[in-house]
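work_30.txt, holding compact mmCIF, C-alpha atoms (C1' of nucleotides):
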# COMPACT_ATOMS: atom_id res chain seq x y z
CA MET A 1484 94.81 113.93 75.78
CA ALA A 1485 96.13 116.56 77.93
CA ALA A 1486 93.32 118.34 79.48
CA ASP A 1487 90.60 116.14 80.56
CA PRO A 1488 91.18 112.55 81.27
CA VAL A 1489 87.68 112.00 82.37
CA ASP A 1490 85.54 112.34 79.36
CA ALA A 1491 87.54 110.52 76.80
CA PRO A 1492 85.00 109.06 74.46
CA HIS A 1493 86.29 105.57 74.28
CA TYR A 1494 84.14 102.51 74.53
CA TRP A 1495 83.16 102.57 70.98
CA TYR A 1496 85.04 102.50 67.85
CA GLY A 1497 82.38 100.61 66.06
CA ALA A 1498 83.61 99.02 62.93
CA ASP A 1499 86.32 101.56 62.82
CA ASP A 1500 89.25 99.72 64.23
CA ARG A 1501 91.12 102.95 64.10
CA MET A 1502 93.14 103.04 67.21
CA PRO A 1503 91.82 101.11 70.06
CA SER A 1504 95.38 100.81 71.28
CA ALA A 1505 95.64 104.52 71.88
CA ALA A 1506 92.32 104.48 73.70
CA VAL A 1507 93.49 101.63 75.88
CA LEU A 1508 96.61 103.49 76.85
CA GLU A 1509 94.56 106.57 77.53
CA SER A 1510 92.37 104.57 79.88
CA LEU A 1511 95.43 103.23 81.60
CA ARG A 1512 96.77 106.74 81.95
CA ALA A 1513 93.49 107.99 83.34
CA TYR A 1514 93.43 105.22 85.90
CA ARG A 1515 96.97 105.98 86.89
CA ALA A 1516 96.17 109.65 87.34
CA ALA A 1517 93.07 108.87 89.37
CA GLU A 1518 95.01 106.57 91.62
CA THR A 1519 97.72 109.12 92.19
CA ALA A 1520 95.09 111.70 93.05
CA MET A 1521 93.36 109.31 95.43
CA ARG A 1522 96.66 108.60 97.07
CA ARG A 1523 97.25 112.26 97.63
CA ARG A 1524 93.79 112.85 99.00
CA THR A 1525 94.23 110.02 101.46
CA ARG A 1526 97.65 111.25 102.43
CA GLU A 1527 96.39 114.74 103.04
CA SER A 1528 93.35 113.65 104.98
CA MET A 1529 95.50 111.60 107.30
CA HIS A 1530 98.16 114.30 107.47
CA MET A 1531 100.85 111.94 106.37
CA GLY A 1532 103.59 111.63 103.86
CA GLU A 1533 103.59 109.04 101.13
CA SER A 1534 106.00 106.78 102.94
CA ASP A 1535 104.03 106.93 106.15
CA LEU A 1536 100.88 105.74 104.49
CA LEU A 1537 102.69 103.08 102.50
CA ALA A 1538 104.33 101.83 105.66
CA LEU A 1539 101.02 101.69 107.46
CA ARG A 1540 99.37 99.74 104.68
CA TYR A 1541 102.29 97.35 104.54
CA LEU A 1542 102.09 96.87 108.27
CA LEU A 1543 98.37 96.22 108.31
CA ARG A 1544 98.64 93.73 105.50
CA ALA A 1545 101.51 91.97 107.21
CA GLU A 1546 99.47 91.68 110.38
CA ARG A 1547 96.57 90.17 108.53
CA GLU A 1548 98.98 87.53 107.33
CA HIS A 1549 100.49 87.15 110.79
CA ARG A 1550 103.91 88.27 109.70
CA ALA A 1551 106.05 90.24 112.11
CA VAL A 1552 107.45 93.48 110.79
CA THR A 1553 110.75 95.00 111.85
CA PRO A 1554 112.02 98.47 110.99
CA LYS A 1555 114.49 96.83 108.64
CA ASP A 1556 111.63 95.20 106.73
CA LEU A 1557 110.00 98.58 106.30
CA ALA A 1558 113.24 100.20 105.19
CA ASP A 1559 113.68 97.54 102.50
CA TYR A 1560 110.07 97.72 101.40
CA LEU A 1561 110.02 101.49 101.19
CA ALA A 1562 113.51 101.69 99.75
CA ILE A 1563 114.59 104.26 102.30
CA SER A 1564 117.46 104.15 104.75
CA THR A 1565 117.13 102.69 108.20
CA ALA A 1566 117.77 106.17 109.52
CA SER A 1567 114.75 107.54 107.71
CA THR A 1568 112.79 104.56 108.93
CA SER A 1569 113.61 105.41 112.51
CA VAL A 1570 112.29 108.90 112.01
CA LEU A 1571 109.25 107.57 110.18
CA LEU A 1572 108.48 105.25 113.07
CA ASN A 1573 108.89 108.14 115.48
CA ARG A 1574 106.27 110.06 113.54
CA LEU A 1575 103.83 107.18 113.39
CA GLU A 1576 104.39 106.33 117.02
CA LYS A 1577 103.83 109.88 118.16
CA SER A 1578 100.66 110.13 116.10
CA GLY A 1579 99.43 106.97 117.74
CA HIS A 1580 99.32 104.77 114.67
CA ILE A 1581 101.95 102.22 115.61
CA ARG A 1582 103.77 100.84 118.61
CA ARG A 1583 107.27 99.49 119.03
CA ALA A 1584 107.77 96.28 120.94
CA PRO A 1585 110.88 94.21 121.60
CA HIS A 1586 111.62 91.46 119.14
CA PRO A 1587 110.94 88.07 120.71
CA THR A 1588 114.22 86.47 119.72
CA ASP A 1589 116.55 89.20 118.49
CA ARG A 1590 117.32 91.76 121.12
CA ARG A 1591 118.84 94.16 118.63
CA ALA A 1592 115.62 94.31 116.66
CA LEU A 1593 112.06 95.25 117.45
CA VAL A 1594 108.67 94.55 116.00
CA VAL A 1595 106.27 97.18 114.84
CA THR A 1596 102.59 96.72 115.57
CA SER A 1597 99.63 98.80 114.55
CA THR A 1598 97.11 100.27 116.91
CA GLY A 1599 93.42 99.77 116.44
CA ALA A 1600 93.05 103.41 115.51
CA SER A 1601 95.29 103.17 112.49
CA ASP A 1602 93.55 100.03 111.35
CA ASP A 1603 90.16 101.70 111.46
CA GLU A 1604 91.41 104.82 109.79
CA VAL A 1605 92.93 103.03 106.85
CA ARG A 1606 90.16 100.53 106.50
CA ALA A 1607 87.65 103.35 106.37
CA THR A 1608 89.09 104.57 103.12
CA LEU A 1609 91.30 102.05 101.41
CA GLY A 1610 89.14 99.11 102.45
CA ARG A 1611 86.08 100.55 100.84
CA MET A 1612 87.99 101.31 97.70
CA HIS A 1613 89.43 97.86 97.53
CA ALA A 1614 85.98 96.37 97.85
CA ARG A 1615 84.76 98.42 94.92
CA MET A 1616 87.71 97.40 92.84
CA LEU A 1617 87.08 93.79 93.65
CA GLU A 1618 83.48 94.26 92.59
CA VAL A 1619 84.52 95.61 89.23
CA ALA A 1620 87.00 92.82 88.74
CA ALA A 1621 84.40 90.25 89.67
CA GLN A 1622 82.18 91.40 86.85
CA LEU A 1623 84.66 90.07 84.35
CA SER A 1624 84.14 86.65 82.89
CA VAL A 1625 86.99 84.21 83.15
CA ASP A 1626 88.00 84.88 79.57
CA GLU A 1627 87.80 88.60 80.02
CA ALA A 1628 89.90 88.41 83.14
CA ALA A 1629 92.51 86.53 81.18
CA VAL A 1630 92.55 89.27 78.56
CA VAL A 1631 92.99 91.97 81.15
CA ILE A 1632 95.72 90.06 82.92
CA ARG A 1633 97.56 89.46 79.70
CA PHE A 1634 97.35 93.14 78.88
CA LEU A 1635 98.55 94.28 82.28
CA ASP A 1636 101.39 91.81 82.30
CA GLY A 1637 102.45 93.05 78.90
CA MET A 1638 102.41 96.60 80.16
CA ARG A 1639 104.42 95.63 83.16
CA GLU A 1640 107.01 94.00 80.98
CA ALA A 1641 107.14 97.09 78.82
CA VAL A 1642 107.96 99.40 81.70
CA ASP A 1643 110.27 96.85 83.28
CA ALA A 1644 112.22 96.60 80.08
CA ILE A 1645 113.20 100.23 80.22
CA ASP A 1646 116.74 100.54 81.33
CA VAL A 1647 118.16 103.92 81.96
CA PRO A 1648 121.54 104.76 80.48
CA ASP A 1649 123.10 106.80 83.22
CA GLY A 1650 122.82 103.75 85.40
CA ALA A 1651 122.61 105.50 88.71
CA ALA A 1652 120.10 102.96 89.83
CA SER A 1653 121.14 99.41 90.15
CA GLU A 1654 121.69 98.08 93.60
CA SER A 1655 119.69 95.16 94.87
CA ALA A 1656 115.99 95.35 95.08
CA ARG A 1657 114.25 98.40 93.86
CA PRO A 1658 111.02 96.59 94.06
CA ALA A 1659 110.14 98.33 97.13
CA ASP A 1660 107.73 100.52 95.31
CA SER A 1661 104.34 100.67 96.58
CA GLU A 1662 101.34 98.69 97.34
CA ALA A 1663 101.12 95.05 97.57
CA MET B 82 78.99 95.59 100.53
CA ALA B 83 79.31 91.92 100.25
CA ALA B 84 82.57 93.00 98.95
CA ASP B 85 84.27 89.92 99.90
CA PRO B 86 84.15 87.44 97.15
CA VAL B 87 85.16 84.76 99.52
CA ASP B 88 81.68 83.48 99.87
CA ALA B 89 81.04 83.04 96.20
CA PRO B 90 81.36 79.38 95.38
CA HIS B 91 83.03 79.75 92.05
CA TYR B 92 84.25 77.08 89.78
CA TRP B 93 87.81 76.25 89.29
CA TYR B 94 89.92 78.57 87.31
CA GLY B 95 92.57 76.59 85.62
CA ALA B 96 96.03 76.48 87.00
CA ASP B 97 95.58 79.61 89.03
CA ASP B 98 93.81 78.57 92.14
CA ARG B 99 92.88 82.13 92.93
CA MET B 100 89.73 83.72 91.75
CA PRO B 101 90.17 85.69 88.59
CA SER B 102 89.19 88.94 90.24
CA ALA B 103 91.98 88.64 92.75
CA ALA B 104 94.39 87.70 90.01
CA VAL B 105 93.35 90.70 87.96
CA LEU B 106 93.90 93.05 90.85
CA GLU B 107 97.22 91.45 91.50
CA SER B 108 98.23 92.10 87.92
CA LEU B 109 97.13 95.67 88.26
CA ARG B 110 99.15 96.01 91.42
CA ALA B 111 102.19 94.51 89.77
CA TYR B 112 101.90 96.92 86.90
CA ARG B 113 101.56 99.82 89.26
CA ALA B 114 104.65 98.75 91.17
CA ALA B 115 106.63 98.31 87.99
CA GLU B 116 105.64 101.73 86.78
CA THR B 117 106.58 103.36 90.05
CA ALA B 118 109.93 101.64 89.92
CA MET B 119 110.49 102.74 86.34
CA ARG B 120 109.62 106.26 87.29
CA ARG B 121 112.17 106.24 90.04
CA ARG B 122 114.86 104.78 87.80
CA THR B 123 114.22 107.48 85.23
CA ARG B 124 114.21 110.17 87.87
CA GLU B 125 117.48 108.98 89.29
CA SER B 126 119.17 108.60 85.96
CA MET B 127 118.26 112.14 85.04
CA HIS B 128 119.07 113.44 88.52
CA MET B 129 115.68 114.98 88.90
CA GLY B 130 112.80 115.07 91.28
CA GLU B 131 109.40 113.71 90.43
CA SER B 132 107.92 117.10 89.68
CA ASP B 133 110.81 118.06 87.43
CA LEU B 134 110.31 115.03 85.25
CA LEU B 135 106.55 115.40 85.20
CA ALA B 136 106.92 119.03 84.22
CA LEU B 137 109.31 118.15 81.44
CA ARG B 138 106.99 115.50 80.05
CA TYR B 139 104.08 117.89 80.22
CA LEU B 140 106.08 120.51 78.44
CA LEU B 141 107.23 118.20 75.67
CA ARG B 142 103.73 116.94 75.09
CA ALA B 143 102.38 120.47 75.00
CA GLU B 144 104.97 121.42 72.43
CA ARG B 145 104.06 118.49 70.23
CA GLU B 146 100.54 119.85 70.26
CA HIS B 147 101.75 123.39 69.72
CA ARG B 148 100.39 124.65 72.99
CA ALA B 149 102.28 127.35 74.83
CA VAL B 150 103.06 126.62 78.47
CA THR B 151 103.35 129.24 81.18
CA PRO B 152 104.65 128.71 84.70
CA LYS B 153 101.07 129.03 85.91
CA ASP B 154 100.02 126.13 83.68
CA LEU B 155 102.73 123.99 85.21
CA ALA B 156 101.79 124.99 88.73
CA ASP B 157 98.19 123.96 88.10
CA TYR B 158 99.16 120.74 86.40
CA LEU B 159 101.62 119.72 89.07
CA ALA B 160 99.41 120.97 91.88
CA ILE B 161 102.22 122.93 93.45
CA SER B 162 102.40 126.61 94.27
CA THR B 163 103.64 129.18 91.82
CA ALA B 164 106.54 129.78 94.19
CA SER B 165 107.61 126.17 93.93
CA THR B 166 107.18 126.39 90.20
CA SER B 167 109.57 129.31 90.02
CA VAL B 168 112.20 127.30 91.84
CA LEU B 169 111.47 124.28 89.69
CA LEU B 170 111.96 126.35 86.54
CA ASN B 171 115.20 127.69 87.97
CA ARG B 172 116.43 124.14 88.39
CA LEU B 173 115.42 123.05 84.92
CA GLU B 174 116.80 126.20 83.38
CA LYS B 175 120.13 125.86 85.12
CA SER B 176 120.39 122.22 84.07
CA GLY B 177 119.76 123.26 80.51
CA HIS B 178 116.46 121.48 79.99
CA ILE B 179 114.21 124.47 79.49
CA ARG B 180 114.32 128.13 78.57
CA ARG B 181 112.18 131.05 79.63
CA ALA B 182 110.97 133.45 76.98
CA PRO B 183 108.68 136.44 77.20
CA HIS B 184 105.01 135.81 76.59
CA PRO B 185 103.95 137.22 73.22
CA THR B 186 100.91 139.06 74.50
CA ASP B 187 101.02 139.13 78.30
CA ARG B 188 104.03 140.95 79.61
CA ARG B 189 103.52 139.65 83.13
CA ALA B 190 103.75 136.07 81.97
CA LEU B 191 106.35 134.06 80.16
CA VAL B 192 106.43 130.91 78.09
CA VAL B 193 108.51 127.91 78.88
CA THR B 194 110.20 126.09 76.03
CA SER B 195 112.23 122.93 76.04
CA THR B 196 115.71 122.62 74.69
CA GLY B 197 116.67 119.96 72.22
CA ALA B 198 118.72 118.24 74.89
CA SER B 199 115.79 117.60 77.18
CA ASP B 200 113.71 116.33 74.30
CA ASP B 201 116.36 113.80 73.35
CA GLU B 202 116.93 112.74 76.90
CA VAL B 203 113.30 112.05 77.62
CA ARG B 204 112.58 110.51 74.27
CA ALA B 205 115.47 108.11 74.76
CA THR B 206 113.72 106.46 77.66
CA LEU B 207 110.05 107.26 77.84
CA GLY B 208 109.62 107.20 74.08
CA ARG B 209 110.93 103.70 73.77
CA MET B 210 108.74 102.54 76.59
CA HIS B 211 105.69 104.14 75.10
CA ALA B 212 106.34 102.39 71.82
CA ARG B 213 106.48 99.05 73.57
CA MET B 214 103.28 99.76 75.41
CA LEU B 215 101.60 100.70 72.18
CA GLU B 216 102.78 97.43 70.72
CA VAL B 217 101.20 95.44 73.51
CA ALA B 218 97.99 97.39 73.22
CA ALA B 219 97.92 96.87 69.48
CA GLN B 220 97.88 93.13 69.95
CA LEU B 221 94.42 93.36 71.42
CA SER B 222 91.44 92.81 69.21
CA VAL B 223 88.79 95.50 69.18
CA ASP B 224 86.61 93.48 71.51
CA GLU B 225 89.47 92.78 73.85
CA ALA B 226 90.41 96.42 73.90
CA ALA B 227 86.85 97.25 74.88
CA VAL B 228 87.06 94.79 77.75
CA VAL B 229 90.29 96.28 79.01
CA ILE B 230 88.96 99.81 78.73
CA ARG B 231 85.80 98.89 80.56
CA PHE B 232 87.86 97.34 83.31
CA LEU B 233 90.22 100.29 83.65
CA ASP B 234 87.39 102.78 83.65
CA GLY B 235 85.69 100.81 86.37
CA MET B 236 88.87 100.87 88.39
CA ARG B 237 89.23 104.57 87.86
CA GLU B 238 85.72 105.15 89.06
CA ALA B 239 86.40 103.02 92.10
CA VAL B 240 89.36 105.09 93.19
CA ASP B 241 87.68 108.33 92.23
CA ALA B 242 84.72 107.44 94.38
CA ILE B 243 86.82 107.41 97.49
CA ASP B 244 86.22 110.51 99.44
CA VAL B 245 88.21 111.18 102.51
CA PRO B 246 86.39 112.22 105.64
CA ASP B 247 88.78 114.72 107.11
CA GLY B 248 88.28 116.77 104.01
CA ALA B 249 91.62 118.46 104.03
CA ALA B 250 91.81 117.89 100.34
CA SER B 251 89.22 119.59 98.32
CA GLU B 252 90.34 122.78 96.70
CA SER B 253 89.41 123.25 93.14
CA ALA B 254 89.98 120.50 90.72
CA ARG B 255 91.56 117.25 91.62
CA PRO B 256 92.96 117.11 88.14
CA ALA B 257 96.42 118.06 88.77
CA ASP B 258 97.42 114.47 89.25
CA SER B 259 100.29 113.30 87.35
CA GLU B 260 101.16 111.72 84.14
CA ALA B 261 99.61 112.28 80.93
C1' DG C 65 92.89 157.14 84.72
C1' DG C 66 92.14 154.15 88.54
C1' DC C 67 91.84 149.74 90.92
C1' DG C 68 91.34 144.92 91.91
C1' DA C 69 93.12 140.63 89.91
C1' DT C 70 96.79 138.01 88.00
C1' DC C 71 101.58 136.70 87.08
C1' DG C 72 106.11 135.35 88.45
C1' DC C 73 109.51 136.16 91.81
C1' DT C 74 112.30 136.15 96.52
C1' DA C 75 112.64 135.13 101.56
C1' DG C 76 112.19 132.20 105.37
C1' DA C 77 110.45 128.08 107.40
C1' DC C 78 109.15 123.24 107.57
C1' DG C 79 109.17 118.25 106.40
C1' DC C 80 111.39 114.18 104.64
C1' DT C 81 115.27 112.18 103.02
C1' DC C 82 120.18 111.26 102.99
C1' DT C 83 125.19 109.98 104.83
C1' DA C 84 128.14 109.35 108.89
C1' DG C 85 128.83 107.34 112.83
C1' DC C 86 127.31 105.47 117.46
C1' DG C 87 126.28 101.48 120.97
C1' DT C 88 124.14 97.04 121.34
C1' DT C 89 123.52 92.40 120.07
C1' DC C 90 124.23 88.26 117.27
C1' DC C 91 126.91 84.49 115.44
C1' DG C 92 130.63 81.92 113.53
C1' DA C 93 135.82 81.14 114.04
C1' DC C 94 139.33 80.32 116.99
C1' DG D 572 134.87 80.67 126.20
C1' DT D 573 135.85 84.67 123.77
C1' DC D 574 136.86 87.49 120.03
C1' DG D 575 135.75 90.10 115.74
C1' DG D 576 132.93 91.13 111.97
C1' DA D 577 128.13 91.79 110.68
C1' DA D 578 123.52 93.37 111.52
C1' DC D 579 120.12 96.29 113.91
C1' DG D 580 118.17 100.63 115.23
C1' DC D 581 119.30 105.15 116.69
C1' DT D 582 120.95 110.35 116.67
C1' DA D 583 123.29 114.36 114.34
C1' DG D 584 123.75 117.42 110.62
C1' DA D 585 123.09 118.63 105.90
C1' DG D 586 120.50 118.80 101.44
C1' DC D 587 116.49 119.25 98.74
C1' DG D 588 111.73 120.40 97.60
C1' DT D 589 107.79 122.09 99.17
C1' DC D 590 105.03 125.61 101.56
C1' DT D 591 103.12 130.57 103.03
C1' DA D 592 103.82 135.55 102.95
C1' DG D 593 104.58 139.25 100.52
C1' DC D 594 106.83 141.95 96.63
C1' DG D 595 106.70 144.74 91.96
C1' DA D 596 104.92 144.63 87.34
C1' DT D 597 101.21 144.15 84.26
C1' DC D 598 96.47 143.35 82.72
C1' DG D 599 91.61 144.30 82.06
C1' DC D 600 87.46 146.21 83.43
C1' DC D 601 84.86 150.31 85.39

As structure tokens - that is how I would like this structure written.
Amino acid sequence: MAADPVDAPHYWYGADDRMPSAAVLESLRAYRAAETAMRRRTRESMHMGESDLLALRYLLRAEREHRAVTPKDLADYLAISTASTSVLLNRLEKSGHIRRAPHPTDRRALVVTSTGASDDEVRATLGRMHARMLEVAAQLSVDEAAVVIRFLDGMREAVDAIDVPDGAASESARPADSEA
Amino acid sequence: MAADPVDAPHYWYGADDRMPSAAVLESLRAYRAAETAMRRRTRESMHMGESDLLALRYLLRAEREHRAVTPKDLADYLAISTASTSVLLNRLEKSGHIRRAPHPTDRRALVVTSTGASDDEVRATLGRMHARMLEVAAQLSVDEAAVVIRFLDGMREAVDAIDVPDGAASESARPADSEA
DNA sequence: GGCGATCGCTAGACGCTCTAGCGTTCCGAC
DNA sequence: GTCGGAACGCTAGAGCGTCTAGCGATCGCC
């Protein structure tokens, strides 16, 4: 494994049912690495940190679904403090990606909205990628899709099952991760 | 192009009223989120940064394959500067996870070795998880494994294909990613 | 033997996160 | 009606990890 993730000669084990499982995991690893790399490229091209981009994507998705987003929502989603969220919003506001507006009913809170610029910028990259991913997924038959889903769910359960001993992490929702 | 599958008048897909492609991507997303969360839990339980843990995993894997690792190797793999790598090694050395030893042939360089403690610590969590993942993968038939691999490779190509306009990110190889 | 390239290191700066604590606003109890 | 705790978003100051710049030591090729 190590070295090159790209040219792993999977696809074909012929009658040799040697270890397709290892090849599957290698493919998963390669995908994961590619995604991480893509994420970094995007981050760098937009001159942003990971959280900034994640916040922007979350915001754009929320707007598509007509959900209002408050700084608190972002803090929970990103699993960072509200203090960090304030600074994050300052950055995104100064760079012209978002705007702050008063919350319609709660005068303590505010709602975050995206500007057209940020929408275009993100859509230009992530949108295209998502379309390609959807294309690939659409090429699966119903049965094949079921296989893939079963596999991915199993993998998810495997990593979810890992509980760390030290136990430093436990509070409420750590789901915040990424994406969505 | 035509990315949006919305217009395709598909049949009905069982209990899940979404199209299988969307469901597949959702599973992929869920896995990704779970893995990110696991990574954070592990990081926190070991009181380490992301790079530290990645470096340690890289080192342990290299040792299993009897490959010597120099600070330069780590810098390239982690895509950080050699300066940052020096500091990283200082951290890991002080915490007792690694040791620095002179390089057998190049007196400018040195080789990084892991201590037994770090091996145990990592194996206690990641090893168990990897075993579970292997289990799940092993439940696939050869044909099913091929389907999953084809899917994952397609996904990898999709994210690899994304090229950012600004072009800030381009240096040498984009390999450095993560994982492995 | 000399000289550019490579290796790993320190110094100083920057960016992003954190905890602590602030004022404002909300909401249920009195 | 008002009073007090809770929730929201903010600023201040510190910590951590990364970066660039530049150092001495060593290598390898001429």

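All of the residues in chain D within 10 Å of chain B are D:DC587, D:DG588, D:DT589, D:DC590, D:DT591, D:DA596, D:DT597, D:DC598, where only C-alpha atoms (C1' of nucleotides) were counted.
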
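Note that the spacing between CA of Glu131 (chain B) and CA of Ser1569 (chain A) amounts to 24.0 Å.
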
Listing only residues of chain C within 9 Å of chain B, what is the closest atom pair and its distance in Å (to one decimal) for each, using all atoms listed in the file, sorted by chain and residue number ascending, as a tab-separated table?
residue	atom	partner	partner_atom	distance
C:DT70	C1'	B:Arg189	CA	8.5
C:DC71	C1'	B:Arg189	CA	5.3
C:DG72	C1'	B:Ala190	CA	6.9
C:DC73	C1'	B:Ser167	CA	7.1
C:DT74	C1'	B:Ala164	CA	8.9

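When every C-alpha of chain A is superposed on its counterpart in chain B by least squares, the root-mean-square deviation equals 5.3 Å.
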
task: Would you be able to write out as a ChimeraX atom specification which residues have an atom within 12 Å of (84.3, 92.2, 87.7) in the file's coordinates, counting all atoms listed in the file?
output: /A:1614-1629,1631 /B:84,86,100-106,228-229,231-236,239

Can you spit out the residues from that selection as a PDB file, in the coordinates of the input, using C-alpha atoms?
ATOM      1  CA  ALA A1614      85.980  96.370  97.850  1.00  0.00           C
ATOM      2  CA  ARG A1615      84.760  98.420  94.920  1.00  0.00           C
ATOM      3  CA  MET A1616      87.710  97.400  92.840  1.00  0.00           C
ATOM      4  CA  LEU A1617      87.080  93.790  93.650  1.00  0.00           C
ATOM      5  CA  GLU A1618      83.480  94.260  92.590  1.00  0.00           C
ATOM      6  CA  VAL A1619      84.520  95.610  89.230  1.00  0.00           C
ATOM      7  CA  ALA A1620      87.000  92.820  88.740  1.00  0.00           C
ATOM      8  CA  ALA A1621      84.400  90.250  89.670  1.00  0.00           C
ATOM      9  CA  GLN A1622      82.180  91.400  86.850  1.00  0.00           C
ATOM     10  CA  LEU A1623      84.660  90.070  84.350  1.00  0.00           C
ATOM     11  CA  SER A1624      84.140  86.650  82.890  1.00  0.00           C
ATOM     12  CA  VAL A1625      86.990  84.210  83.150  1.00  0.00           C
ATOM     13  CA  ASP A1626      88.000  84.880  79.570  1.00  0.00           C
ATOM     14  CA  GLU A1627      87.800  88.600  80.020  1.00  0.00           C
ATOM     15  CA  ALA A1628      89.900  88.410  83.140  1.00  0.00           C
ATOM     16  CA  ALA A1629      92.510  86.530  81.180  1.00  0.00           C
ATOM     17  CA  VAL A1631      92.990  91.970  81.150  1.00  0.00           C
TER      18      VAL A1631
ATOM     19  CA  ALA B  84      82.570  93.000  98.950  1.00  0.00           C
ATOM     20  CA  PRO B  86      84.150  87.440  97.150  1.00  0.00           C
ATOM     21  CA  MET B 100      89.730  83.720  91.750  1.00  0.00           C
ATOM     22  CA  PRO B 101      90.170  85.690  88.590  1.00  0.00           C
ATOM     23  CA  SER B 102      89.190  88.940  90.240  1.00  0.00           C
ATOM     24  CA  ALA B 103      91.980  88.640  92.750  1.00  0.00           C
ATOM     25  CA  ALA B 104      94.390  87.700  90.010  1.00  0.00           C
ATOM     26  CA  VAL B 105      93.350  90.700  87.960  1.00  0.00           C
ATOM     27  CA  LEU B 106      93.900  93.050  90.850  1.00  0.00           C
ATOM     28  CA  VAL B 228      87.060  94.790  77.750  1.00  0.00           C
ATOM     29  CA  VAL B 229      90.290  96.280  79.010  1.00  0.00           C
ATOM     30  CA  ARG B 231      85.800  98.890  80.560  1.00  0.00           C
ATOM     31  CA  PHE B 232      87.860  97.340  83.310  1.00  0.00           C
ATOM     32  CA  LEU B 233      90.220 100.290  83.650  1.00  0.00           C
ATOM     33  CA  ASP B 234      87.390 102.780  83.650  1.00  0.00           C
ATOM     34  CA  GLY B 235      85.690 100.810  86.370  1.00  0.00           C
ATOM     35  CA  MET B 236      88.870 100.870  88.390  1.00  0.00           C
ATOM     36  CA  ALA B 239      86.400 103.020  92.100  1.00  0.00           C
TER      37      ALA B 239
END

Would you compute the box with edges along x, y and z of the file around region 68-87 of chain C, including every atom the file lists for it and 6 Å extra on each side, and give its centre and edge lengths in Å to one decimal, as AutoDock Vina command-line options?
--center_x 110.1 --center_y 123.2 --center_z 104.0 --size_x 49.5 --size_y 55.4 --size_z 45.9

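Closest approach to Met1529 (chain A) among A:Arg1544, A:Val1605, A:Ser1510, A:Ser1597 is made by A:Val1605 (distances from only C-alpha atoms).
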
- request: Fewer than 6 positions away in the same chain doesn't count, so skip those; otherwise give me all residues within 12 Å of Arg1547 (chain A), counting all atoms listed in the file, as a list of chain:residue names.
  value: A:Arg1540, A:Tyr1541, A:Thr1596, A:Ser1597, A:Asp1602

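Note that CA of Met1521 (chain A) and CA of Asp244 (chain B) are 8.3 Å apart.
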
- prompt: Excluding same-chain residues fewer than 3 positions from Val1594 (chain A), what lies within 9 Å of it counting all atoms listed in the file, as a PyMOL selection string?
  reply: chain A and resi 1551-1554+1582-1587

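Among the candidate residues B:Ala114, B:Met129, B:Leu170, B:Ala136, the one lying nearest to chain A is B:Ala114, with distances computed using only C-alpha atoms.
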
- prompt: In Å, with one decimal, what is the gap from CA of Asp1556 (chain A) to CA of His128 (chain B)?
  reply: 26.8 Å

- request: For each of C:DA75, C:DC82, C:DT88, C:DG65, take the minimum atom-to-atom distance to DG580 (chain D), counting only C-alpha atoms (C1' of nucleotides), then give the residue where this is smallest.
  value: C:DT88

Nearest to chain A, chosen from B:Arg120, B:Ala160, B:Ser126, B:Glu146, with only C-alpha atoms counted in the distances: B:Ser126

query: What's the 12 Å shell around DG68 (chain C), counting only C-alpha atoms (C1' of nucleotides), without same-chain residues fewer than 5 positions away, as an MDAnalysis selection string?
result: chainID D and resid 598:601

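Residue neighbourhood of DC574 (chain D), excluding near-sequence residues (fewer than 5 positions): DC91, DG92, DA93 and DC94 of chain C, at 12 Å, using all atoms listed in the file.
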